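Novice: I have a structure I would like to understand better, so I am pasting it below and will then ask my questions one at a time.
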Amino acid sequence: MNINLTIIGQAIAFFIFVVFCMKYVWPPITAALAERKKKIAEGLDAADRAERDLQLAQEKATENMRKGKEEAAAIIEQANKRANQIVEEAKEKAVEEAGRVKAAATAELEQEVNQAREALRGQVATLALSGAEKILEASIDEKAHAQLVEKLAAEL
Amino acid sequence: MASEGGTLTSSEYISHHLTNLTFGKLSEGTTRYDGSVVGEGGTWTFAHGTEAADMGFWAINVDTMGWSIVLGVLFLWLFSKVAKTATSGVPGSTQNFVETIIEFVDENVKGIFHHKNPMIAPLSLTIFVWIFLMNTMDLIPVDWIPFIASEMGISYMKVVPTTDVNATAGMALSVFALIIYYSIKQKGLGGFLAELSFQPLGKWMLPFNLFLELVGLLAKPISLALRLFGNMYAGEMIFILIALLPFWAQWVLSVPWAIFHILVITLQAFIFMVLTIVYMAMAYDHH
C-alpha cells in the first residue's frame with residue numbers, strides 16, 4: 001500500500017476518460033433518448049387525435065345513416081302515395097272510359113233503333129198503302145194519298 | 001493457491017496476492033531481494049517483495065494502471081459504439097442496456113445537481129461504470145489471472161485496481177480538484193474563502209471556522225478514496241482467505257461471498273458516483 005506515481009496516472013486516465021465520455025458518449029445517446037421521447041409524445045398525440053377523429057367520424061356516420069333512413073322512409077311514403085294516386089287515376093280513367101264506351105254504344109244502338117224504325121215506318125207505309133190498295137181494289141191516286149200515308153207512318 | 005511451486009506459506013500467499021506489480025527506481029546502495037546491491041545511479045526495475053516501499057513515490061503500479069485503463073477503454077469502446085449508432089427508433093439490445101445505465105445516472109444527477117453543467121453527467125457515468133468494472137474484477141477467481149501471469153513470467157499481478165489505494169485516491173483527488181475548481185468558479189476566490197472562514201460561527205471565530213471547514217473539505221476526497229479502497233480491499237482479502245481452504249470446500253464460502261459481493265461492487269460504484277454529484281452540487285450552492 002504505497003502511494004506512488006500511480007495516483008497521478010489514475011488521475012490522468014480518469015480525466016481522459018471523462019473528457020472522452022463527455023464528447024463522444026453522453027451527448028449522442030441523450031440526444032437519441034430525447035428524440036425518442038419526443039417521437040413517443042408525438043405518437044401518443046397523434047393517437048389521441050386519431051381517436052377523436054374516429055369518434056367524430058362515427059358520430060357523422062350515425063347522423064348520415066339516420067338522415068338516410070329518414071330520406072328513404074320519406075321516399076317510400078311518397079312512392080306509396082304516388083302509387084295510390086296512379087291507381088286512383090287509372091280507376092277514374094277506366095270508369096270514364098267505360099262510361100264513354102257505354103255512351104257510344106248507347107248512341108249507336110239508338111241510332112240503329114231509329115234507323116230500323118225509319119225503315120220500318122217506310123215499309124209500314126208501303127205495306128199499308130198496298131193493303132189499302134188491295135182493300136179498295138181501286139186505283140188510288142198515289143199522289144193524293146201519299147200525304148195521308150206519310151202522316152200515318154209518322155204517327156207510328 | 002500454489003502459484004510459485006507450492007512452497008508458499010499462508011501469509012506469503014496472502015501478501016503475494018496483495019502486492020502490486022510495481023515498476024520504479026531503486027536508489028543506489030539498496031539491497032535487493034536476492035542479496036545483490038544496486039550499483040551507482042540506481043536502477044529502474046520491477047519491485048520484488050518489499051522493494052516497492054523502497055522505491056518511494058517514483059514508481060508506478062503497472063497492474064493497477066494496466067487493468068484500469070483496459071477496463072476504462074472497454075467501457076468507452078462499448079458506450080461510444082452505441083453512441084455512434086444510437087437511434088431514436090427501436091433500440092437494439094446493446095443500446096437498450098446502455099440507455100438503461102445512462103438514464104439511471106441521468107436521473108441521479110438531475111435529482112441531486114440542479115445547476116447547468118454539461119460535465120457532471122458524463123463524469124458521473126464514467127465514475128459509475130468504470131468503478132463498477134474495476135470492482136467486478138474482484139469476482140474473477142483470485143488465482144486465475146495471477147497464475148496466467150506467473151506462467152508468463154510476471155511475478156505479481158493484483159487484478160482489482162480499486163484494491164490499490166492509488167487508484168481510488170487518484171479518482172478522489174480528481175474529484176477534489178473539480179470541487180475546488182467549481183467552488184472558485186461559482187463563488188469567486190473571495191466567496192470560496194469567505195465560505196471557509198465565516199461559517200458556521202461568524203467572523204469572530206474565524207480560525208475555528210477555518211479549521212472546521214478545512215477538515216470538512218479534506219474529508220471529502222479522503223473518505224471517497226478510503227471507503228472504496230477499504231471495501232474492495234476487505235472483499236478481496238476475504239476471497240484470498242477463502243482460497244486458502246481445500247479446493248473442494250471453497251465453494252461453500254466463496255459462492256455466497258461472491259453473490260453478496262455483486263451487491264457490494266455495485267453499491268460502492270453507486271456511492272462514489274452519488275457522493276461526487278453531491279460534492280459538486282455543494283460546490284455550486286451558496287451557503
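In the C-alpha cells, the first chain shown is A, the next is B, and so on; residue numbers restart at 1 for each chain, and ligands run from 1 in the order shown.
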Taking only C-alpha atoms into account, what are the residues of chain A at most 6 Å from chain B, put as an MDAnalysis selection string?
Specialist: chainID A and resid 3:7 10:11 18 21:22 25:26 28:29 32 35:36
Novice: Set the distance at 8 Å and use only C-alpha atoms: which residues neighbour Phe113 of chain B once local chain neighbours fewer than 6 positions away are removed? I'd like the list as a list of chain:residue names.
Specialist: B:Ile277, B:Val278, B:Met280, B:Ala281
Novice: Next, write the just-selected residues to a file, as a compact mmCIF listing (two decimals), in the first residue's frame, keeping C-alpha atoms as the atom set.
Specialist:
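Output below, filename selection32.txt:
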# COMPACT_ATOMS: atom_id res chain seq x y z
CA ILE B 277 -22.57 14.57 -7.56
CA VAL B 278 -23.41 15.75 -4.04
CA MET B 280 -20.29 19.08 -6.98
CA ALA B 281 -23.73 20.35 -6.05
Novice: Residues near Gln186 of chain B, anyone? I mean within 8 Å using only C-alpha atoms, not counting same-chain ones fewer than 4 positions away, as number ranges by chain.
Specialist: B: 182, 283-284
Novice: Just the selected residues (C-alpha atoms), exported as an mmCIF file, in the first residue's frame, please.
Specialist:
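Output saved as part_21.cif:
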data_model
loop_
_atom_site.group_PDB
_atom_site.id
_atom_site.type_symbol
_atom_site.label_atom_id
_atom_site.label_comp_id
_atom_site.auth_asym_id
_atom_site.auth_seq_id
_atom_site.Cartn_x
_atom_site.Cartn_y
_atom_site.Cartn_z
ATOM 1 C CA TYR B 182 -16.056 24.846 -9.439
ATOM 2 C CA ALA B 283 -19.530 23.412 -4.757
ATOM 3 C CA TYR B 284 -22.245 25.184 -6.743
#
Novice: Atom CA of Ile154 of chain B and atom CA of Leu253 of chain B, how far apart in Å?
Specialist: 29.0 Å
Novice: Near Ser183 of chain B, within 9 Å and counting only C-alpha atoms, which residues show up once chain neighbours fewer than 4 positions away are dropped, as a CSV table (one decimal) with C-alpha atoms, in the first residue's frame?
Specialist:
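Result saved to part_37.csv:
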chain,number,residue,atom,x,y,z
B,178,LEU,CA,-13.1,19.7,-9.5
B,179,ILE,CA,-14.7,20.7,-6.2
B,187,LYS,CA,-18.3,31.9,-5.9
B,188,GLY,CA,-15.1,33.6,-6.8
B,189,LEU,CA,-11.9,33.0,-4.8
B,191,GLY,CA,-16.5,33.9,-1.9
B,192,PHE,CA,-15.0,30.5,-1.5
B,280,MET,CA,-20.3,19.1,-7.0
B,282,MET,CA,-22.3,21.7,-2.8
B,283,ALA,CA,-19.5,23.4,-4.8
B,284,TYR,CA,-22.2,25.2,-6.7
B,285,ASP,CA,-24.6,26.0,-3.9
Novice: Please run DSSP on the backbone and report, as a list in words, all residues within segment 25-223 of chain B that come out as strand (DSSP E or B).
Specialist: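 Taking segment 25-223 of chain B and keeping strand (DSSP E or B) only, one gets Lys25, Leu26, Thr31, Val37, Thr43, Trp44, Thr45, Phe46, Ala59, Ile60 and Asn61 of chain B.
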Novice: Could you name the residues that touch Pro141 of chain B at 10 Å or less, counting only C-alpha atoms, but leaving out those on the same chain fewer than 6 positions away, as a ChimeraX atom specification?
Specialist: /B:239-240,243,254,258
Novice: Could you take the residues named above and write them with N, CA and C atoms, as a CSV table (one decimal), in the first residue's frame?
Specialist:
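What landed in out-v4.csv:
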chain,number,residue,atom,x,y,z
B,239,PHE,N,-11.8,-13.1,-0.2
B,239,PHE,CA,-11.7,-14.1,-1.3
B,239,PHE,C,-10.3,-14.8,-1.2
B,240,ILE,N,-9.3,-14.1,-0.8
B,240,ILE,CA,-8.0,-14.7,-0.7
B,240,ILE,C,-7.9,-15.7,0.4
B,243,ALA,N,-9.7,-18.7,-0.5
B,243,ALA,CA,-8.9,-19.5,-1.4
B,243,ALA,C,-7.8,-20.4,-0.7
B,254,SER,N,-17.1,-19.2,-0.9
B,254,SER,CA,-16.8,-18.3,-2.0
B,254,SER,C,-18.1,-17.9,-2.8
B,258,ALA,N,-19.3,-14.2,-3.1
B,258,ALA,CA,-19.3,-13.6,-4.4
B,258,ALA,C,-20.7,-13.0,-4.7
Novice: Quick one, how far is atom CA of Lys158 of chain B from atom CA of Leu218 of chain B?
Specialist: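 One can read the atom CA of Lys158 of chain B to atom CA of Leu218 of chain B distance as 28.6 Å.
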Novice: Go through A:Ala107, A:Val101, A:Val149, A:Ala90 one by one, measure the shortest atom-to-atom distance of each to Gln123 of chain A using only C-alpha atoms, and give the residue with the smallest value.
Specialist: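 Nearest to Gln123 of chain A: A:Val149.
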Novice: Based on the backbone DSSP call, show me all residues of segment 52-254 of chain B assigned helix (DSSP H, G or I), as a PyMOL selection string.
Specialist: chain B and resi 52-55+62-84+93-112+120-139+144-151+161-163+165-197+203-242+250-254
